[in-house]
Amino acid sequence: MDNWQKTGCVLCAQNCGLLVQVSDNRIIKVKGDPENPRSKGYLCRKGANIANFQHHADRITTPLKKTDQGFIEISWEQAYSEIGDKLRTIRDTYGSQSLAFIGAGGQGSHFEAAFAASMLQGLGSRYHYSALAQELTGYFWCCGRMIGRQNRFVIPDEHQADMLLAIGWNGMVSHQMPRAPLTLKEFAENPGKLLVVIDPRKSETARVANIHLAITPGSDALLARAMIAIIFTEGWEDHEYLGQNTTGLANIRGWFETFDIHKALAVCQVDYVQVKDLCRELSTRKWCMHTDLGVLMNRHSTLTSYLYLLLAAVCGRLCMPGGNVVPGNVVPLGSHSDERRKRTWRTKETDFPEIMGYFPPNVFPEEVLSNHPERLRAAIVSSSNPLRSFADTTAWEEAFNKLDLTVTIDISMTETAELSDYVLPARSPYESYDGSFFSWNYPEIYFQFRQPIIQPAAKTKETGLIIAEIADAVGLVPELPDFLYSAAKKDRMTFTMALLTYIQKNPKYRRSIPHIIAKARAGHTESNNLDTLWGLLLASPGTFRKNAARAGFPPPKSLKAATDIAKWPKIVKATLAYRSLVPLAALTPQIAQSEKLFTTILKSKSGLWIGMTDENNMKELRTKDGKIQLYIEEMEEWLAEITPETEEKALGSDTSYPLILNAGRHSPQNANSLMRKPDWNKGRRTCTLAMNPADAEQLDLSDGEFVMIITEATSERIELELSEDVRKGQVLIPHGFGLKYDGRTYGIAVNRLTKNTHRDRLAATPIHRYVPCRVEKAE
């Protein structure tokens with residue numbers, strides 16, 4: 001009963017450190033890990049209930065194949081053989097553009113992404129549909145244009161700020177920042193700081209804020225434009241900063257000079273004096289901002305992200321301490337995929353580009369259901385439940401039923417798995433070696449490599465290995481030489497030198513390295529993710545190595561200082577079948593630094609600060625002139641549409657759908673679709689439709705009764721909950737419900753009420769925070 005083990009939470013992107021008590025191979029108690037350098041013992045109720053995520057009746061423990069009689073158990077060999085044959089046939093018949101990958105990593109297990117990317121590249125496809133493209137790609141696109149790379153996006157540096165602007169973000173519940181509730185309270189309660197919330201409703205965060213702008217739902221772009229206009233009108237912009245660090249000011253200034261500020265704020269339903277006073281604070285304080293789904297999933301999402309980045313730049317807060325800064329990372333969350341380049345792929349039917357290497361889930365159904373000759377025909381889903389997580393559940397169901405092949409890799413029999421042809425059992429995050437690469441800190445770079453605390457079922461495998469073995473079954477992994485197999489049985493250094501030599505002689509297989517390692521090391525490694533960690537550190541770029549050196553992991557100053565350097569040449573000579581082509585002297589410091597990082601990571605079970613970025617954040621810019629680009633040509637026409645007149649008309653009430661649904665409310669009772677076992681919410685009021693009492697009185701509705709909510713997509717029956725914290729004219733339904741467990745469905749799937757075509761014009765992210773609807777008495 002005293003078996004406490006260190007690990008991390010995988011239910012949200014903050015990955016707080018956990019201490020977990022394990023008995024008889026079951027998690028029985030959880031508390032925050034005070035030695036975790038980032039979360040420092042903080043724990044929310046979701047993390048405290050991870051036992052319900054790990055242990056439940058929907059766990060999959062053997063490969064399954066769908067037949068006319070339902071799912072049957074099959075061997076791994078049969079599963080790989082049949083899946084490999086079908087993928088190869090589809091690719092050879094219809095082309096590589098007919099294949100897609102969905103998911104990869106979720107909230108806490110990102111090592112599988114290396115295997116997924118390698119397999120997609122081997123198949124010749126780039127169609128990777130990710131949850132990141134459900135929320136953040138419009139924001140990433142803006143950062144790509146202004147900062148120079150989509151994967152060099154900015155985050156708030158709240159530790160050095162004296163004012164935090166929370167825009168469409170309910171951090172008291174949703175987190176999205178390390179120890180968010182504690183940080184928000186500190187800003188609100190500290191006399192020298194300010195917490196400002198821009199949100200239509202009185203959210204839990206708005207309740208504790210010093211200033212709350214309760215804007216009209218969907219008017220975010222109009223408000224942002226008005227705030228910039230105020231700053232220019234008053235001459236409050238940071239002239240010195242703009243002159244030294246930006247280009248394009250002359251191109252954008254005219255957008256705000258004749259703008260009708262008073263009328264715009266009237267449409268937003270906020271007080272002019274209050275907004276002007278806020279703008280004065282923005283022009284004088286050391287502030288940073290955090291935007292969340294209230295912006296990222298709302299009207300004019302990408303444009304609004306751009307305007308708020310412009311606001312920060314005009315006030316001199318981009319890439320400055322205490323402002324919004326480019327963080328360091330262990331591995332970037334994606335690639336830079338500029339749609340202006342010919343090599344950047346676009347979807348065939350809907351013509352949306354990849355952003356940061358990902359495609360938007362919103363367009364997936366159309367890409368399958370169309371009659372386009374190059375439509376999608378096969379999908380591999382990993383660590384994702386798109387039939388509950390993504391917009392328009394009905395369209396996703398239709399698309400899955402039309403695909404020629406669907407394979408789901410997961411720990412649970414999810415709603416997506418139920419519609420798949422094959423379901424492959426993955427080990428859970430607590431049965432695997434794994435970690436995440438989210439970059440939510442500055443200037444420190446945090447990393448925790450979780451190690452197994454639960455023994456897995458015999459037939460389950462780490463997800464990365466499953467993907468690698470599918471790739472091998474397709475024929476994407478080459479036959480390997482005997483010397484590589486021989487080296488794989490020995491120590492890490494021996495295998496490293498053998499692998500480097502093999503790749504130097506066979507550079508065409510460089511992109512297949514994760515799969516080659518998995519094939520060579522089969523039966524001789526505790527975990528492919530463990531091998532991948534070593535490979536990532538060894539192949540890490542110079543920027544990361546400099547960051548690691550600043551955190552106390554410098555490379556050796558001389559060859560003699562490298563650990564075990566004397567024996568490495570002997571290892572190479574003894575194990576390679578031919579003379580090494582690797583310049584050993586050049587690699588020695590890099591290998592030595594990687595080895596120190598690797599061993600320290602494994603010892604640091606609470607996680608560690610693995611790097612420290614340069615104090616001059618302007619060095620992170622990757623634009624041609626080394627400056628922040630204020631002007632984005634593609635935004636000019638769109639921004640011109642954002643006037644008080646056009647927005648007042650657009651935001652006017654529709655008699656058919658007079659209310660606005662906020663689809664996907666965060667609450668302490670939901671955790672995306674990860675927590676399938678409902679026991680953790682026993683006795684709590686969970687999936688309800690929240691409404692202002694004034695709206696309920698007008699509709700003759702009472703708290704606790706069941707109502708019908710109707711949208712363009714469909715209708716659903718749901719319990720009504722009345723709350724003064726909900727804005728009049730708006731209703732809220734949480735996400736993460738409509739899950740089937742033990743023969744019963746708990747709550748409604750709110751995404752069934754949304755249309756996948758209700759989306760941002762540039763990034764195709766869903767407009768979940770502005771879904772027109774009506775509510776009626778249930779019959």
# chains A, B, ... in the order shown; residues from 1 in each chain; ligands from 1
call {"tool": "residues_around", "arguments": {"residues": "A:Thr754", "least_positions_apart": "4", "cutoff": "9 Å", "atoms": "only C-alpha atoms", "output": "PyMOL selection string"}}
result
chain A and resi 391-393+663+711-714+750+758+766-768+771
call {"tool": "select_by_dssp", "arguments": {"residues": "stretch 36-143 of chain A", "states": "alpha helix (DSSP H)", "output": "PyMOL selection string"}}
result
chain A and resi 50-54+76-94+112-123+132-135+137-143
call {"tool": "residues_around", "arguments": {"residues": "A:Ser606", "least_positions_apart": "3", "cutoff": "7 Å", "atoms": "only C-alpha atoms", "output": "JSON, numbers by chain"}}
result
{"A": [6, 7, 17, 35, 36, 448]}
call {"tool": "atom_distance", "arguments": {"atom1": "atom CA of A:Leu597", "atom2": "atom CA of A:Gln451"}}
result
16.1 Å
call {"tool": "residues_around", "arguments": {"residues": "A:Glu354", "least_positions_apart": "3", "cutoff": "9 Å", "atoms": "only C-alpha atoms", "output": "PyMOL selection string"}}
result
chain A and resi 126-128+133+137+337-339+344-347+357-360+763
call {"tool": "select_by_dssp", "arguments": {"residues": "stretch 425-573 of chain A", "states": "strand (DSSP E or B)", "output": "PyMOL selection string"}}
result
chain A and resi 425-426+434+444-447+450+461
call {"tool": "residues_around", "arguments": {"residues": "A:Lys402", "least_positions_apart": "5", "cutoff": "8 Å", "atoms": "only C-alpha atoms", "output": "MDAnalysis selection string"}}
result
chainID A and resid 368:369 377
call {"tool": "write_last_selection", "arguments": {"atoms": "C-alpha atoms", "output": "PDB file, in the first residue's frame"}}
result
ATOM      1  CA  VAL A 368     -14.617  11.032 -48.034  1.00  0.00           C
ATOM      2  CA  LEU A 369     -18.214  11.534 -49.142  1.00  0.00           C
ATOM      3  CA  ARG A 377     -10.631   5.897 -48.959  1.00  0.00           C
TER       4      ARG A 377
END
call {"tool": "closest_atom_pairs", "arguments": {"of": "stretch 159-218 of chain A", "to": "stretch 253-272 of chain A", "cutoff": "10 Å", "atoms": "only C-alpha atoms", "output": "CSV"}}
result
residue,atom,partner,partner_atom,distance
A:Pro200,CA,A:Cys268,CA,9.5
A:His212,CA,A:Val270,CA,9.8
A:Leu213,CA,A:Val270,CA,6.5
A:Ala214,CA,A:Val270,CA,6.8
A:Ile215,CA,A:Cys268,CA,5.1
A:Thr216,CA,A:Cys268,CA,4.9
A:Pro217,CA,A:Cys268,CA,8.2
A:Gly218,CA,A:Cys268,CA,8.8
call {"tool": "closest_residue", "arguments": {"among": "A:Gln160, A:Thr394, A:Asn190, A:Thr89", "to": "A:Cys288", "atoms": "only C-alpha atoms"}}
result
A:Gln160
call {"tool": "residues_around", "arguments": {"residues": "stretch 469-475 of chain A", "least_positions_apart": "4", "cutoff": "12 Å", "atoms": "only C-alpha atoms", "output": "PyMOL selection string"}}
result
chain A and resi 76-92+115-123+380+407+409+424+461-465+479-480+512-520+522+528
call {"tool": "atom_distance", "arguments": {"atom1": "atom CA of A:Pro386", "atom2": "atom CA of A:Met675"}}
result
14.9 Å
call {"tool": "closest_residue", "arguments": {"among": "A:Gln504, A:Thr350, A:Gln14, A:Asn617", "to": "A:Asn756", "atoms": "only C-alpha atoms"}}
result
A:Thr350
